[in-house]
Each structure stands twice: as structure tokens, then as C-alpha cells.
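**Q** Below you'll find coords05.cif; it's mmCIF, C-alpha atoms.
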data_final
loop_
_atom_site.label_atom_id
_atom_site.label_comp_id
_atom_site.auth_asym_id
_atom_site.auth_seq_id
_atom_site.Cartn_x
_atom_site.Cartn_y
_atom_site.Cartn_z
CA MET F 978 7.01 5.91 -11.83
CA LEU F 979 9.96 3.55 -12.40
CA ASP F 980 12.13 6.32 -13.81
CA THR F 981 11.50 8.65 -10.87
CA THR F 982 12.04 5.76 -8.44
CA LEU F 983 15.45 4.96 -9.87
CA ALA F 984 16.40 8.63 -10.10
CA HIS F 985 15.65 9.08 -6.41
CA LEU F 986 17.42 5.92 -5.28
CA HIS F 987 20.52 6.88 -7.30
CA ALA F 988 20.72 10.46 -5.99
CA PRO F 989 23.48 10.24 -3.33
CA SER F 990 23.33 13.94 -2.50
CA GLU F 991 19.71 13.63 -1.39
CA VAL F 992 19.36 10.04 -0.16
CA PRO F 993 21.31 8.47 2.72
CA PRO F 994 23.41 5.52 1.49
CA ARG F 995 21.38 2.32 1.61
CA THR F 996 21.08 -0.83 -0.44
CA HIS F 997 17.83 -1.53 -2.24
CA GLU F 998 15.98 -3.81 -4.59
CA LEU F 999 12.94 -3.24 -6.78
CA LEU F 1000 10.42 -6.07 -6.80
CA ILE F 1001 7.85 -5.59 -9.55
CA VAL F 1002 4.82 -7.86 -9.32
CA ASP F 1003 2.80 -8.28 -12.51
CA ASP F 1004 -0.63 -9.48 -11.44
CA GLY F 1005 -1.32 -11.63 -14.50
CA SER F 1006 -1.76 -8.57 -16.71
CA LYS F 1007 -1.88 -8.63 -20.49
CA ASP F 1008 -0.49 -5.15 -21.11
CA GLY F 1009 3.19 -6.06 -21.36
CA THR F 1010 4.10 -4.98 -17.83
CA SER F 1011 6.58 -7.82 -17.30
CA ALA F 1012 8.28 -7.25 -20.65
CA LEU F 1013 8.64 -3.53 -19.93
CA ALA F 1014 10.03 -4.25 -16.48
CA LEU F 1015 12.59 -6.68 -17.91
CA VAL F 1016 13.71 -4.06 -20.44
CA LEU F 1017 14.11 -1.61 -17.58
CA ALA F 1018 16.15 -4.13 -15.62
CA ALA F 1019 18.46 -4.64 -18.59
CA GLN F 1020 18.94 -0.88 -18.86
CA HIS F 1021 19.96 -0.63 -15.19
CA PRO F 1022 22.29 -3.59 -14.57
CA MET F 1023 23.67 -2.02 -11.38
CA THR F 1024 20.21 -2.01 -9.77
CA ASP F 1025 18.73 -5.18 -8.28
CA ILE F 1026 15.43 -5.40 -10.14
CA ARG F 1027 13.33 -8.55 -9.82
CA VAL F 1028 10.19 -9.16 -11.85
CA VAL F 1029 7.48 -11.58 -10.71
CA THR F 1030 4.81 -12.54 -13.23
CA LEU F 1031 1.80 -14.22 -11.68
CA GLU F 1032 0.16 -16.81 -13.90
CA LYS F 1033 -3.32 -15.60 -13.01
CA ASN F 1034 -4.78 -12.43 -11.62
CA LEU F 1035 -4.91 -12.53 -7.82
CA GLY F 1036 -6.22 -9.02 -7.27
CA LYS F 1037 -4.18 -6.10 -5.98
CA GLY F 1038 -4.15 -7.44 -2.43
CA GLY F 1039 -2.91 -10.83 -3.58
CA ALA F 1040 -0.14 -9.29 -5.68
CA VAL F 1041 1.04 -7.06 -2.84
CA ARG F 1042 0.99 -9.97 -0.40
CA HIS F 1043 3.12 -12.05 -2.77
CA GLY F 1044 5.62 -9.24 -3.17
CA MET F 1045 5.87 -8.48 0.53
CA LEU F 1046 6.43 -12.12 1.43
CA HIS F 1047 9.25 -12.42 -1.11
CA ALA F 1048 10.96 -9.06 -0.59
CA ARG F 1049 14.38 -9.21 1.08
CA GLY F 1050 14.89 -5.78 2.65
CA HIS F 1051 14.87 -4.67 6.27
CA ARG F 1052 12.17 -2.17 5.31
CA LEU F 1053 9.58 -2.82 2.61
CA LEU F 1054 7.79 -0.09 0.68
CA MET F 1055 4.47 -0.88 -0.97
CA VAL F 1056 3.90 1.60 -3.79
CA ASP F 1057 1.42 1.79 -6.66
CA ALA F 1058 2.96 1.94 -10.12
CA ASP F 1059 0.61 4.66 -11.43
CA GLY F 1060 2.83 7.52 -10.25
CA ALA F 1061 0.11 9.22 -8.18
CA SER F 1062 2.47 9.38 -5.20
CA ARG F 1063 5.85 11.11 -5.26
CA PHE F 1064 8.52 8.47 -4.64
CA ALA F 1065 10.82 10.97 -2.94
CA ASP F 1066 8.34 11.02 -0.05
CA LEU F 1067 9.86 7.69 0.93
CA GLU F 1068 12.25 9.80 3.00
CA VAL F 1069 9.35 11.25 5.00
CA LEU F 1070 8.11 7.77 5.82
CA TRP F 1071 11.65 6.57 6.53
CA ARG F 1072 12.30 9.28 9.11
CA GLU F 1073 9.00 8.57 10.80
CA MET F 1074 9.86 4.88 10.93
CA ASP F 1075 13.19 5.68 12.60
CA THR F 1076 11.17 7.20 15.45
CA LEU F 1077 8.29 4.71 15.46
CA ALA F 1078 10.29 1.48 15.24
CA PRO F 1079 13.98 1.99 16.14
CA GLY F 1080 16.14 -0.98 15.34
CA ASN F 1081 13.56 -2.11 12.76
CA LYS F 1082 11.16 -3.37 15.39
CA PRO F 1083 7.63 -4.05 14.04
CA GLY F 1084 6.14 -0.85 12.67
CA VAL F 1085 4.04 0.54 9.80
CA VAL F 1086 4.08 4.06 8.38
CA VAL F 1087 1.37 4.98 5.88
CA GLY F 1088 1.43 7.84 3.44
CA SER F 1089 -1.66 9.99 3.76
CA ARG F 1090 -3.64 12.30 1.50
CA ALA F 1091 -5.94 13.39 4.32
CA HIS F 1092 -4.36 16.86 4.41
CA LEU F 1093 -5.52 17.36 0.82
CA VAL F 1094 -9.23 16.81 1.50
CA LYS F 1095 -10.17 20.48 1.13
CA THR F 1096 -7.53 21.35 -1.43
CA GLU F 1097 -7.93 21.67 -5.19
CA ALA F 1098 -6.28 18.26 -5.65
CA VAL F 1099 -9.29 16.52 -4.09
CA VAL F 1100 -12.02 19.05 -4.77
CA LYS F 1101 -11.38 18.53 -8.49
CA ARG F 1102 -10.91 14.79 -8.08
CA SER F 1103 -13.39 12.53 -9.79
CA PHE F 1104 -16.88 12.44 -8.27
CA VAL F 1105 -16.66 8.63 -8.08
CA ARG F 1106 -13.53 8.67 -5.94
CA ASN F 1107 -14.92 11.30 -3.56
CA ILE F 1108 -18.11 9.29 -2.98
CA LEU F 1109 -16.08 6.18 -2.23
CA MET F 1110 -13.74 8.13 0.05
CA TYR F 1111 -16.47 9.55 2.30
CA GLY F 1112 -18.45 6.31 2.36
CA LEU F 1113 -15.34 4.33 3.25
CA HIS F 1114 -14.43 6.65 6.12
CA THR F 1115 -17.83 6.14 7.70
CA ILE F 1116 -17.60 2.35 7.51
CA LEU F 1117 -14.01 2.30 8.79
CA ARG F 1118 -15.07 3.88 12.06
CA ILE F 1119 -17.44 0.94 12.54
CA VAL F 1120 -14.87 -1.67 11.52
CA GLY F 1121 -12.22 -0.38 13.91
CA VAL F 1122 -9.60 1.51 11.92
CA GLY F 1123 -11.16 4.95 12.02
CA HIS F 1124 -7.98 6.24 13.70
CA ILE F 1125 -6.28 6.17 10.28
CA ARG F 1126 -7.59 9.01 8.13
CA ASP F 1127 -6.38 7.60 4.81
CA THR F 1128 -6.26 3.81 4.62
CA GLN F 1129 -6.22 3.53 0.82
CA CYS F 1130 -3.12 5.46 -0.21
CA GLY F 1131 -0.85 3.05 -2.06
CA PHE F 1132 2.33 4.23 -0.33
CA LYS F 1133 3.06 2.27 2.86
CA LEU F 1134 6.31 1.36 4.59
CA PHE F 1135 6.68 -1.78 6.72
CA THR F 1136 9.60 -3.04 8.73
CA ARG F 1137 10.44 -6.58 7.77
CA SER F 1138 9.38 -7.87 11.18
CA ALA F 1139 5.97 -6.19 10.79
CA ALA F 1140 5.48 -7.55 7.27
CA GLN F 1141 6.29 -11.08 8.43
CA LYS F 1142 3.58 -10.85 11.06
CA ILE F 1143 0.89 -9.14 8.97
CA PHE F 1144 1.00 -10.56 5.45
CA PRO F 1145 0.90 -14.30 6.28
CA VAL F 1146 -2.52 -13.76 7.91
CA GLN F 1147 -3.92 -11.44 5.23
CA HIS F 1148 -6.98 -12.86 3.45
CA LEU F 1149 -8.55 -10.13 1.31
CA ALA F 1150 -7.22 -9.74 -2.23
CA THR F 1151 -9.55 -6.98 -3.44
CA TRP F 1152 -8.78 -3.26 -3.33
CA ILE F 1153 -10.01 -2.98 0.26
CA PHE F 1154 -7.11 -5.16 1.47
CA ASP F 1155 -5.36 -2.06 2.91
CA VAL F 1156 -8.02 -1.92 5.62
CA GLU F 1157 -7.30 -5.51 6.60
CA LEU F 1158 -3.57 -4.79 6.83
CA LEU F 1159 -4.16 -1.88 9.21
CA LEU F 1160 -6.69 -3.83 11.25
CA LEU F 1161 -4.22 -6.71 11.54
CA ALA F 1162 -1.50 -4.31 12.67
CA LYS F 1163 -3.82 -3.00 15.38
CA GLN F 1164 -4.75 -6.51 16.53
CA LEU F 1165 -1.10 -7.59 16.56
CA GLY F 1166 -0.08 -4.58 18.61
CA ILE F 1167 2.10 -3.17 15.82
CA PRO F 1168 2.36 0.65 15.96
CA VAL F 1169 1.12 2.57 12.93
CA ALA F 1170 1.93 6.18 12.05
CA GLU F 1171 0.38 8.32 9.32
CA VAL F 1172 2.33 11.06 7.55
CA PRO F 1173 1.26 13.48 4.79
CA ILE F 1174 2.68 12.99 1.31
CA GLU F 1175 2.26 14.66 -2.04
CA TRP F 1176 -0.28 13.11 -4.37
CA ARG F 1177 -1.92 13.83 -7.70
CA GLU F 1178 -4.94 12.43 -9.49
CA VAL F 1179 -4.08 9.98 -12.27
CA ALA F 1180 -6.54 9.49 -15.10
CA GLY F 1181 -7.80 6.05 -16.02
CA SER F 1182 -9.62 4.90 -12.88
CA LYS F 1183 -11.53 1.64 -13.32
CA LEU F 1184 -13.74 2.17 -10.27
CA ASN F 1185 -17.45 1.64 -10.61
CA VAL F 1186 -19.18 3.58 -7.85
CA VAL F 1187 -22.05 1.11 -7.32
CA GLN F 1188 -20.19 -2.14 -7.89
CA ASP F 1189 -17.11 -1.17 -5.90
CA SER F 1190 -19.11 0.27 -3.01
CA LEU F 1191 -21.07 -2.97 -2.69
CA GLN F 1192 -17.89 -5.02 -2.96
CA MET F 1193 -16.27 -2.86 -0.29
CA LEU F 1194 -19.17 -3.39 2.10
CA ARG F 1195 -19.26 -7.13 1.39
CA ASP F 1196 -15.53 -7.56 1.95
CA LEU F 1197 -15.55 -5.61 5.20
CA LEU F 1198 -18.47 -7.68 6.49
CA VAL F 1199 -16.66 -10.88 5.47
CA LEU F 1200 -13.51 -9.65 7.21
CA ARG F 1201 -15.16 -8.74 10.50
CA GLY F 1202 -17.48 -11.74 10.46
CA ASN F 1203 -14.66 -14.24 10.01
CA GLN F 1204 -12.61 -12.58 12.72
CA LEU F 1205 -15.48 -12.35 15.20
CA PHE F 1206 -16.42 -15.99 14.70
CA GLY F 1207 -12.82 -17.14 14.95
CA ARG F 1208 -12.35 -18.44 11.42
CA TRP F 1209 -9.58 -15.93 10.72
CA LYS F 1210 -7.48 -15.96 13.86
CA VAL F 1211 -4.77 -13.45 14.69
CA THR F 1212 -2.33 -14.25 17.48
CA PRO F 1213 -0.16 -11.36 18.75
#
Translate this file's structure into C-alpha cells.
**A**
Amino acid sequence: MLDTTLAHLHAPSEVPPRTHELLIVDDGSKDGTSALALVLAAQHPMTDIRVVTLEKNLGKGGAVRHGMLHARGHRLLMVDADGASRFADLEVLWREMDTLAPGNKPGVVVGSRAHLVKTEAVVKRSFVRNILMYGLHTILRIVGVGHIRDTQCGFKLFTRSAAQKIFPVQHLATWIFDVELLLLAKQLGIPVAEVPIEWREVAGSKLNVVQDSLQMLRDLLVLRGNQLFGRWKVTP
């Protein structure tokens, strides 16, 4: 993923001139992620690559929140490092953001795999992921973000002004944190657009269909309960 990211960002014939930084957040892993990232940074001295190593695991949501609150760009792309998404699709999100939030007003554009639901890419996807996908969609309609067809794709673009409103009031650190981000955007009156991107299944999923489904339900109940009772307040 890092190689294709750098290749795209350094392709002047395809990408409009813009400055950039890569902020890699290592969520307390023990697989040498930080060391690999530092080697990559040394190999590309002309690219602004920053590596953050968290002392303990915060969960994916916690790691993303940390990165977004410390990123320095006018637009901030949240992207998973597994390479399931094609980084070049950043341009699709970027163009949509130009329309959604001119002048970098608050706005969020999410990459979506919803157009792939009946294609071979998803039909042949793991049974576990498909069960979670359909179960999640049902619950999301109840929670209040059913207008977004794919909340979980790890390819989302935020304007800086949107990120500074959303991430300081994010609470969930588990994998369902994407739902909270989109719900917060809705409550804060921040426009959200969804655009199709290319995506491929990546082997090595750690999802447990029973455990993760129960955790998903618990976290969504905690989220809505705390908001309804005023413990987690959001002020537009």
C-alpha cells in the first residue's frame, strides 16, 4: 500500500500539484510496522513521512483519531494500510469534495463498495464478512445512518474543518467507530457524500462472526444510549 501511495503522489502527469504528508500510526503493534515505516521514510527523503508509535493498543478508532488530530493538511485522508482500496481513487473523492465543500468548508466524502454488492468481488468474499455486512446495514437504519450504504470502507476524506469538529468528540475506539464518525457528521450538520471506489478482498481477516457481531451491537447501543441521555454531547 505504501509503495502505490507514493507512486501515485509522485505522478505529476496524473495528479494535480499539491503538497502532502504521510502520517503512519502504529497502534502499539508488535509486527515491526514502525521500523518498516522508518525505513520507508529514509528511502524517500523528499516525502514528508511521519511515524507515530502508540505505546499501547488503542483500537483502530483510537489510532485513527490520534492521526486525524495530529495531521496538518487542509484535507485528511483516512486509509487502511492493507491495500484493499486503490489509492488512486483519492482523486475521485477529491473531485467530489471540491463540489461538496468548496473552499475546504466542513465536508466528508466516503469511499463506497456498495456498487460491488452483487459482483464477484463480494459474492466470493468471505462468508463472515457478508454476514456482518448485512447485519450491520439493518442496525444502521435503526441507529440513524442508513443513508450511507457503506459505512465501513477504510477510505474516507475529511476537510480539516470537518475533522476538527468530528474527531474531538469521537468516543468509540473499536472497529465500529466509522459509524460514530458519520453519525457525528450528521448531528453537526456536516455534509457527507458517498462515491464508488475500487476494492479487493485481502486475506487475513481477524473477524470473529459471533464475537464481533455482539461487540458491534453493544457499541452501537452504548453510542446511542450515551447520546440520548446526554452523556456524550454534540454541539453544532
**Q** Evaluate the PyMOL selection byres ((chain F and resi 1148) around 12) and record the selected residues as a VMD selection string, following the chain and residue labels used in the document.
**A** chain F and resid 1035 to 1043 1143 to 1147 1149 to 1158 1160 to 1161 1196 to 1197 1199 to 1201 1203 to 1204 1208 to 1211
**Q** Please provide as number ranges by chain all residues within 12 Å of Leu983 in chain F, with the sequence filter that same-chain residues fewer than 3 positions apart are discarded (counting only C-alpha atoms).
**A** F: 978-980, 986-989, 992, 997-999, 1017-1018, 1020-1026, 1064-1065
**Q** Check the smallest atom-to-atom distance from each of F:Asp1059, F:Glu1171, F:Glu1032, F:Asp1003 to Arg1072 in chain F using only C-alpha atoms, then report the winner.
**A**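 So, comparing all the options, the nearest one is F:Glu1171.
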**Q** Between CA of Leu1000 in chain F and CA of Gly1044 in chain F, what is the distance in Å, rounded to a tenth?
**A**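 Calculated distance between CA of Leu1000 in chain F and CA of Gly1044 in chain F is 6.8 Å.
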**Q** Of the candidates F:Arg1126, F:His1051, F:Lys1133, F:Lys1082, which shows the shortest atom-to-atom distance to Val1069 in chain F, using all atoms listed in the file?
**A**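 Of F:Arg1126, F:His1051, F:Lys1133, F:Lys1082, the one nearest Val1069 in chain F is F:Lys1133, counting all atoms listed in the file.
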**Q** Would you translate the PyMOL selection byres ((chain F and resi 1177) around 6) into the concrete set of residues it matches in this file, as a list in words?
**A**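 Evaluating the PyMOL selection byres ((chain F and resi 1177) around 6) on this file yields Ala1061, Trp1176 and Glu1178 of chain F.
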**Q** What's the separation between CA of Ala1170 in chain F and CA of Ser1089 in chain F, in Å to one decimal place?
**A**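 For CA of Ala1170 in chain F relative to CA of Ser1089 in chain F, the distance reads 9.8 Å.
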**Q** Quick one: residues within 12 Å of Glu1068 in chain F, all atoms listed in the file counted, chain neighbours fewer than 3 positions away excluded, as a list in words?
**A**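 Returned residues: His985, Leu986, Glu991, Val992, Pro993, Arg995, Leu1054, Arg1063, Phe1064, Ala1065, Trp1071, Arg1072, Glu1073, Met1074, Asp1075, Val1086, Gly1088, Phe1132, Lys1133, Leu1134, Val1172, Pro1173 and Ile1174 of chain F.
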**Q** As an exercise, work out the distance from CA of Lys1163 in chain F to CA of Gly1121 in chain F in Å and give it to one decimal place.
**A**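 Distance reported for this atom pair: 8.9 Å.
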**Q** Taking into account all atoms listed in the file, which residue in the set F:Arg1137, F:Val1056, F:Met1193, F:Leu1159 is nearest to Gly1080 in chain F?
**A** F:Arg1137
**Q** I need the residue nearest Lys1142 in chain F from this list: F:Leu1077, F:Ala1014, F:Val1122, F:Leu1165. Use all atoms listed in the file for the distance.
**A**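 Result for the nearest residue to Lys1142 in chain F: F:Leu1165.
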**Q** Determine the nearest neighbour of Ala1139 in chain F from the options F:Arg1052, F:Arg1118, F:Gln1188, F:Arg1090, counting only C-alpha atoms.
**A** F:Arg1052
**Q** Would you kindly return, as a PyMOL selection string, each protein, DNA or RNA residue with an atom no farther than 12 Å from any atom of Thr1010 in chain F, considering all atoms listed in the file and excluding same-chain residues fewer than 3 positions away?
**A** chain F and resi 979+1001-1007+1013-1017+1028-1031+1058
